[in-house]
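Here is coords-v8.cif, consisting of mmCIF, C-alpha atoms:
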```cif
data_data
loop_
_atom_site.label_atom_id
_atom_site.label_comp_id
_atom_site.auth_asym_id
_atom_site.auth_seq_id
_atom_site.Cartn_x
_atom_site.Cartn_y
_atom_site.Cartn_z
CA GLN C 1 -11.93 -29.29 16.81
CA GLN C 2 -13.02 -30.00 13.25
CA PRO C 3 -12.05 -33.39 11.82
CA VAL C 4 -10.06 -33.45 8.58
CA GLN C 5 -11.59 -35.33 5.67
CA SER C 6 -9.85 -36.54 2.53
CA PRO C 7 -10.14 -36.47 -0.35
CA GLN C 8 -12.24 -33.36 -0.91
CA ALA C 9 -13.85 -34.83 -4.01
CA VAL C 10 -13.91 -38.13 -5.88
CA ILE C 11 -15.19 -39.03 -9.33
CA LEU C 12 -15.83 -42.70 -10.00
CA ARG C 13 -17.44 -44.85 -12.61
CA GLU C 14 -20.25 -47.09 -11.51
CA GLY C 15 -18.85 -50.28 -10.01
CA GLU C 16 -15.59 -48.75 -8.77
CA ASP C 17 -14.56 -48.53 -5.11
CA ALA C 18 -13.89 -45.46 -2.96
CA VAL C 19 -12.35 -44.77 0.44
CA ILE C 20 -13.04 -41.61 2.42
CA ASN C 21 -10.85 -40.80 5.39
CA CYS C 22 -11.53 -38.79 8.53
CA SER C 23 -8.96 -37.89 11.17
CA SER C 24 -8.82 -36.02 14.44
CA SER C 25 -5.98 -34.73 16.56
CA LYS C 26 -7.44 -36.31 19.69
CA ALA C 27 -9.28 -39.49 20.58
CA LEU C 28 -13.03 -39.15 20.68
CA TYR C 29 -16.04 -40.95 22.00
CA SER C 30 -17.55 -41.82 18.64
CA VAL C 31 -17.46 -41.11 14.92
CA HIS C 32 -20.60 -40.66 12.83
CA TRP C 33 -20.95 -40.89 9.05
CA TYR C 34 -23.65 -39.08 7.08
CA ARG C 35 -24.52 -38.67 3.41
CA GLN C 36 -26.14 -35.59 1.97
CA LYS C 37 -27.80 -35.46 -1.43
CA HIS C 38 -27.97 -32.13 -3.23
CA GLY C 39 -30.70 -29.94 -1.75
CA GLU C 40 -31.49 -32.38 1.03
CA ALA C 41 -30.61 -32.83 4.69
CA PRO C 42 -27.75 -35.05 5.84
CA VAL C 43 -28.85 -38.61 6.49
CA PHE C 44 -27.25 -40.91 9.02
CA LEU C 45 -25.23 -43.89 7.75
CA MET C 46 -23.51 -45.39 10.79
CA ILE C 47 -21.76 -44.80 14.11
CA LEU C 48 -18.54 -46.36 15.38
CA LEU C 49 -17.85 -46.34 19.09
CA LYS C 50 -14.99 -48.68 19.81
CA GLY C 51 -11.34 -48.54 18.84
CA GLY C 52 -10.65 -51.18 16.21
CA GLU C 53 -14.32 -51.43 15.29
CA GLN C 54 -15.48 -52.24 11.79
CA LYS C 55 -19.11 -52.25 10.78
CA GLY C 56 -21.52 -51.90 7.92
CA HIS C 57 -22.87 -54.12 5.20
CA GLU C 58 -21.07 -55.44 2.18
CA LYS C 59 -21.30 -52.35 0.02
CA ILE C 60 -20.86 -49.53 2.58
CA SER C 61 -18.71 -50.11 5.63
CA ALA C 62 -16.47 -48.17 7.99
CA SER C 63 -13.60 -48.65 10.39
CA PHE C 64 -12.36 -46.85 13.51
CA ASN C 65 -8.69 -47.20 14.41
CA GLU C 66 -7.44 -48.43 17.78
CA LYS C 67 -6.56 -44.95 19.02
CA LYS C 68 -9.99 -43.66 17.98
CA GLN C 69 -8.45 -40.83 16.01
CA GLN C 70 -9.04 -42.02 12.46
CA SER C 71 -11.99 -43.50 10.60
CA SER C 72 -12.47 -44.59 7.02
CA LEU C 73 -15.64 -45.13 5.00
CA TYR C 74 -15.51 -47.78 2.28
CA LEU C 75 -17.85 -47.73 -0.70
CA THR C 76 -17.60 -50.94 -2.69
CA ALA C 77 -18.90 -51.48 -6.24
CA SER C 78 -20.38 -47.99 -6.19
CA GLN C 79 -23.85 -47.32 -7.54
CA LEU C 80 -25.30 -44.12 -9.02
CA SER C 81 -27.32 -43.69 -5.83
CA TYR C 82 -24.11 -43.29 -3.82
CA SER C 83 -23.50 -39.84 -5.28
CA GLY C 84 -23.57 -37.05 -2.73
CA THR C 85 -21.43 -35.44 -0.06
CA TYR C 86 -20.19 -37.60 2.79
CA PHE C 87 -19.51 -36.12 6.20
CA CYS C 88 -17.81 -37.57 9.21
CA GLY C 89 -18.87 -36.19 12.56
CA LEU C 90 -16.92 -36.45 15.77
CA ARG C 91 -18.95 -36.59 18.94
CA ASP C 92 -18.11 -36.04 22.55
CA ASP C 93 -21.22 -34.22 23.66
CA LYS C 94 -21.65 -32.01 20.61
CA ILE C 95 -21.17 -33.24 17.03
CA ILE C 96 -18.55 -31.49 14.91
CA PHE C 97 -18.50 -32.30 11.18
CA GLY C 98 -15.69 -32.33 8.67
CA LYS C 99 -15.96 -30.27 5.49
CA GLY C 100 -17.23 -33.21 3.52
CA THR C 101 -16.15 -35.33 0.56
CA ARG C 102 -18.11 -34.87 -2.69
CA LEU C 103 -18.61 -38.14 -4.52
CA HIS C 104 -19.73 -38.27 -8.14
CA ILE C 105 -20.61 -41.57 -9.73
CA LEU C 106 -20.61 -41.71 -13.52
CA PRO C 107 -22.62 -44.32 -15.43
CA ASP N 1 -42.93 -39.38 14.52
CA ALA N 2 -42.72 -36.74 11.79
CA GLY N 3 -39.03 -36.16 12.35
CA VAL N 4 -37.39 -32.81 13.00
CA ILE N 5 -39.55 -30.02 11.62
CA GLN N 6 -38.11 -26.69 10.57
CA SER N 7 -39.87 -23.59 9.35
CA PRO N 8 -39.85 -21.76 7.11
CA ARG N 9 -38.22 -23.85 4.36
CA HIS N 10 -37.18 -20.74 2.47
CA GLU N 11 -36.75 -17.19 3.65
CA VAL N 12 -35.80 -14.15 1.59
CA THR N 13 -35.31 -10.95 3.52
CA GLU N 14 -33.72 -7.56 3.14
CA MET N 15 -30.53 -6.61 4.87
CA GLY N 16 -31.21 -5.20 8.32
CA GLN N 17 -34.40 -7.15 8.91
CA GLU N 18 -34.91 -9.59 11.76
CA VAL N 19 -35.11 -13.27 10.83
CA THR N 20 -36.45 -16.05 13.05
CA LEU N 21 -35.93 -19.70 12.22
CA ARG N 22 -37.94 -22.35 14.04
CA CYS N 23 -37.34 -25.97 14.95
CA LYS N 24 -39.39 -28.73 16.52
CA PRO N 25 -37.16 -31.66 17.58
CA ILE N 26 -38.17 -35.29 17.71
CA SER N 27 -40.15 -36.05 20.84
CA GLY N 28 -37.96 -37.59 23.53
CA HIS N 29 -34.71 -36.21 22.17
CA ASN N 30 -32.87 -34.14 24.73
CA SER N 31 -30.08 -32.69 22.58
CA LEU N 32 -30.71 -30.07 19.92
CA PHE N 33 -28.16 -28.65 17.51
CA TRP N 34 -28.24 -25.66 15.13
CA TYR N 35 -25.90 -25.83 12.12
CA ARG N 36 -25.18 -23.43 9.28
CA GLN N 37 -24.08 -24.82 5.92
CA THR N 38 -22.23 -22.92 3.20
CA MET N 39 -20.01 -24.07 0.37
CA MET N 40 -16.97 -22.44 1.91
CA ARG N 41 -17.37 -23.51 5.53
CA GLY N 42 -19.35 -26.73 5.29
CA LEU N 43 -21.55 -27.68 8.25
CA GLU N 44 -20.74 -25.36 11.14
CA LEU N 45 -22.13 -25.99 14.61
CA LEU N 46 -23.60 -22.74 15.90
CA ILE N 47 -25.04 -23.80 19.26
CA TYR N 48 -26.35 -26.86 21.02
CA PHE N 49 -28.73 -27.48 23.89
CA ASN N 50 -29.05 -30.34 26.35
CA ASN N 51 -32.35 -30.57 28.20
CA ASN N 52 -33.29 -27.10 26.91
CA VAL N 53 -30.14 -25.51 28.37
CA PRO N 54 -27.57 -23.93 26.01
CA ILE N 55 -24.31 -25.80 26.55
CA ASP N 56 -21.96 -24.38 23.95
CA ASP N 57 -22.63 -21.30 21.83
CA SER N 58 -19.03 -20.74 20.79
CA GLY N 59 -20.00 -21.25 17.17
CA MET N 60 -22.43 -18.37 17.12
CA PRO N 61 -20.72 -15.92 14.80
CA GLU N 62 -21.74 -12.61 16.34
CA ASP N 63 -24.05 -10.95 18.81
CA ARG N 64 -26.52 -10.59 15.98
CA PHE N 65 -27.26 -14.30 16.41
CA SER N 66 -29.26 -15.64 19.33
CA ALA N 67 -30.96 -18.95 20.07
CA LYS N 68 -33.52 -20.06 22.60
CA MET N 69 -35.16 -23.28 23.64
CA PRO N 70 -38.07 -22.40 25.91
CA ASN N 71 -39.26 -26.02 26.15
CA ALA N 72 -38.38 -29.52 24.97
CA SER N 73 -40.42 -29.23 21.78
CA PHE N 74 -39.39 -25.88 20.35
CA SER N 75 -36.29 -23.84 19.54
CA THR N 76 -35.62 -20.63 17.64
CA LEU N 77 -32.58 -19.11 15.99
CA LYS N 78 -32.81 -15.38 15.52
CA ILE N 79 -30.66 -13.06 13.44
CA GLN N 80 -31.02 -9.35 14.11
CA PRO N 81 -30.08 -7.43 12.03
CA SER N 82 -29.51 -9.78 9.10
CA GLU N 83 -26.68 -9.26 6.61
CA PRO N 84 -26.04 -10.72 3.11
CA ARG N 85 -23.19 -12.87 4.48
CA ASP N 86 -25.73 -14.67 6.66
CA SER N 87 -27.17 -16.28 3.53
CA ALA N 88 -26.88 -20.04 4.00
CA VAL N 89 -28.87 -23.16 4.76
CA TYR N 90 -29.59 -23.50 8.47
CA PHE N 91 -30.20 -26.99 9.83
CA CYS N 92 -31.63 -28.05 13.13
CA ALA N 93 -30.86 -31.56 14.38
CA SER N 94 -31.89 -33.51 17.45
CA SER N 95 -30.58 -36.56 19.25
CA THR N 96 -30.65 -38.36 22.51
CA ARG N 97 -27.71 -37.22 24.54
CA GLN N 98 -25.78 -40.49 24.53
CA GLY N 99 -22.82 -40.40 22.18
CA GLY N 100 -23.82 -43.66 20.59
CA ASN N 101 -26.95 -42.23 19.05
CA GLU N 102 -27.21 -40.45 15.76
CA ALA N 103 -28.52 -36.97 15.05
CA PHE N 104 -31.64 -36.53 12.94
CA PHE N 105 -31.72 -33.47 10.73
CA GLY N 106 -34.61 -31.27 9.71
CA GLN N 107 -34.99 -30.32 6.06
CA GLY N 108 -33.30 -26.98 6.66
CA THR N 109 -34.16 -23.35 6.08
CA ARG N 110 -32.58 -21.71 3.05
CA LEU N 111 -31.99 -18.09 4.03
CA THR N 112 -31.25 -15.42 1.45
CA VAL N 113 -30.47 -11.90 2.65
CA VAL N 114 -30.50 -9.32 -0.13
#
```
Rendering of file as structure tokens:
Amino acid sequence: QQPVQSPQAVILREGEDAVINCSSSKALYSVHWYRQKHGEAPVFLMILLKGGEQKGHEKISASFNEKKQQSSLYLTASQLSYSGTYFCGLRDDKIIFGKGTRLHILP
Amino acid sequence: DAGVIQSPRHEVTEMGQEVTLRCKPISGHNSLFWYRQTMMRGLELLIYFNNNVPIDDSGMPEDRFSAKMPNASFSTLKIQPSEPRDSAVYFCASSTRQGGNEAFFGQGTRLTVV
């Protein structure tokens, strides 16, 4: 079952923060986050496995709620290089991706 | 390792023709996924294999689509006959089977059916 991502698109100015949400109707083994630049393949950002987990570095981080049904990606003090489409992927055995969140960073 | 290798990178074909997309996964990865990406539908999972065996092909849109993985280092996705609505970017990705490991994507094949 496809995860639901929100918002569909975000426009920010450089230095602003963004939050991208991903939710599922059932608890899952893990959540993956990927970023895709225009014309390129998706690139892995991070995986969260445990309920209540938070990980990442200071500028890009993510959380996984206790019930393992919702994850959020946090982009802090955004840079131009953060532009792209962000996908969450829910994995049991296969990986099912949400429809993506398009992020545009303006100088 | 060179990563996941897909060929061709671009394919333009006429409606009704057969199209074969190819993928070489990362050595040692035992899961392989085929995705189709369009603006409307995003990244759709078409089929995935574990240890060369097709596990779930419920995403394959029609009988015109077929996929094979004859060995651990090669997979094909075939469309016969092709239609204009098949135009999309097709990605192959590979992973170890454990859920804690990420998928690595190939550069994709941009298919245009005219």
At a cut-off of 10 Å, which residues of chain N touch chain C? Count all atoms listed in the file and give the answer as an mmCIF file with C-alpha atoms, keeping the file's coordinate frame.
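File produced: result30.cif:
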```cif
data_model
loop_
_atom_site.group_PDB
_atom_site.id
_atom_site.type_symbol
_atom_site.label_atom_id
_atom_site.label_comp_id
_atom_site.auth_asym_id
_atom_site.auth_seq_id
_atom_site.Cartn_x
_atom_site.Cartn_y
_atom_site.Cartn_z
ATOM 1 C CA SER N 31 -30.080 -32.690 22.580
ATOM 2 C CA LEU N 32 -30.710 -30.070 19.920
ATOM 3 C CA PHE N 33 -28.160 -28.650 17.510
ATOM 4 C CA TYR N 35 -25.900 -25.830 12.120
ATOM 5 C CA GLN N 37 -24.080 -24.820 5.920
ATOM 6 C CA THR N 38 -22.230 -22.920 3.200
ATOM 7 C CA MET N 39 -20.010 -24.070 0.370
ATOM 8 C CA MET N 40 -16.970 -22.440 1.910
ATOM 9 C CA ARG N 41 -17.370 -23.510 5.530
ATOM 10 C CA GLY N 42 -19.350 -26.730 5.290
ATOM 11 C CA LEU N 43 -21.550 -27.680 8.250
ATOM 12 C CA GLU N 44 -20.740 -25.360 11.140
ATOM 13 C CA LEU N 45 -22.130 -25.990 14.610
ATOM 14 C CA ILE N 47 -25.040 -23.800 19.260
ATOM 15 C CA TYR N 48 -26.350 -26.860 21.020
ATOM 16 C CA PHE N 49 -28.730 -27.480 23.890
ATOM 17 C CA ASN N 50 -29.050 -30.340 26.350
ATOM 18 C CA ILE N 55 -24.310 -25.800 26.550
ATOM 19 C CA ASP N 56 -21.960 -24.380 23.950
ATOM 20 C CA VAL N 89 -28.870 -23.160 4.760
ATOM 21 C CA PHE N 91 -30.200 -26.990 9.830
ATOM 22 C CA CYS N 92 -31.630 -28.050 13.130
ATOM 23 C CA ALA N 93 -30.860 -31.560 14.380
ATOM 24 C CA ARG N 97 -27.710 -37.220 24.540
ATOM 25 C CA GLN N 98 -25.780 -40.490 24.530
ATOM 26 C CA GLY N 99 -22.820 -40.400 22.180
ATOM 27 C CA GLY N 100 -23.820 -43.660 20.590
ATOM 28 C CA ASN N 101 -26.950 -42.230 19.050
ATOM 29 C CA GLU N 102 -27.210 -40.450 15.760
ATOM 30 C CA ALA N 103 -28.520 -36.970 15.050
ATOM 31 C CA PHE N 104 -31.640 -36.530 12.940
ATOM 32 C CA PHE N 105 -31.720 -33.470 10.730
ATOM 33 C CA GLY N 106 -34.610 -31.270 9.710
ATOM 34 C CA GLN N 107 -34.990 -30.320 6.060
ATOM 35 C CA GLY N 108 -33.300 -26.980 6.660
ATOM 36 C CA ARG N 110 -32.580 -21.710 3.050
#
```
request  = Might you spell out which residues the PyMOL selection byres ((chain N and resi 72) around 7) would select in the displayed file, as a PyMOL selection string?
outcome  = chain N and resi 51-52+71+73-74
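Summary of the local environment: counting all atoms listed in the file, residues at most 7 Å from C:Ser23, other than itself and those fewer than 2 positions away along its chain, are Pro3, Val4, Gln5, Asn21, Ser25, Gln69, Gln70 and Ser71 of chain C.
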Please produce an output containing C-alpha atoms for each residue in the selection, written as a PDB file, keeping the file's coordinate frame.
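That gives us out00.pdb:
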```pdb
ATOM      1  CA  PRO C   3     -12.050 -33.390  11.820  1.00  0.00           C
ATOM      2  CA  VAL C   4     -10.060 -33.450   8.580  1.00  0.00           C
ATOM      3  CA  GLN C   5     -11.590 -35.330   5.670  1.00  0.00           C
ATOM      4  CA  ASN C  21     -10.850 -40.800   5.390  1.00  0.00           C
ATOM      5  CA  SER C  25      -5.980 -34.730  16.560  1.00  0.00           C
ATOM      6  CA  GLN C  69      -8.450 -40.830  16.010  1.00  0.00           C
ATOM      7  CA  GLN C  70      -9.040 -42.020  12.460  1.00  0.00           C
ATOM      8  CA  SER C  71     -11.990 -43.500  10.600  1.00  0.00           C
TER       9      SER C  71
END
```
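As for atom CA of C:Gly52 and atom CA of C:Ser78, they are spaced 24.6 Å apart.
Running the PyMOL selection byres ((chain C and resi 65) around 9) on this file leaves Lys50, Gly51, Gly52, Glu53, Gln54, Ser63, Phe64, Glu66, Lys67, Lys68, Gln69, Gln70, Ser71 and Ser72 of chain C selected.
Atom CA of N:Thr13 to atom CA of N:Ser58 spans 25.7 Å [interatomic distance, one decimal].
Note that the spacing between atom CA of N:Pro54 and atom CA of C:Tyr86 amounts to 27.9 Å.
Matched in the shown structure by the PyMOL selection byres ((chain C and resi 13) around 12): Val10, Ile11, Leu12, Glu14, Gly15, Glu16, Asp17, Ala18, Thr76, Ala77, Ser78, Gln79, Leu80, Tyr82, Ser83, Leu103, His104, Ile105, Leu106 and Pro107 of chain C.
Using all atoms listed in the file, the smallest distance between any of C:Gly56, C:Arg102, C:Gly84, C:Leu75 and C:His38 comes from C:Gly84.
When all atoms listed in the file are used to compute distances to C:Thr101, the closest of the residues C:Ile60, C:Gln1, C:Lys26, C:Gln36 turns out to be C:Gln36.
With only C-alpha atoms taken into account, the protein and nucleic acid residues at most 7 Å from N:Ser7 (excluding it and anything under 5 positions from it in its own chain) are Leu21, Arg22, Cys23 and Thr109 of chain N.
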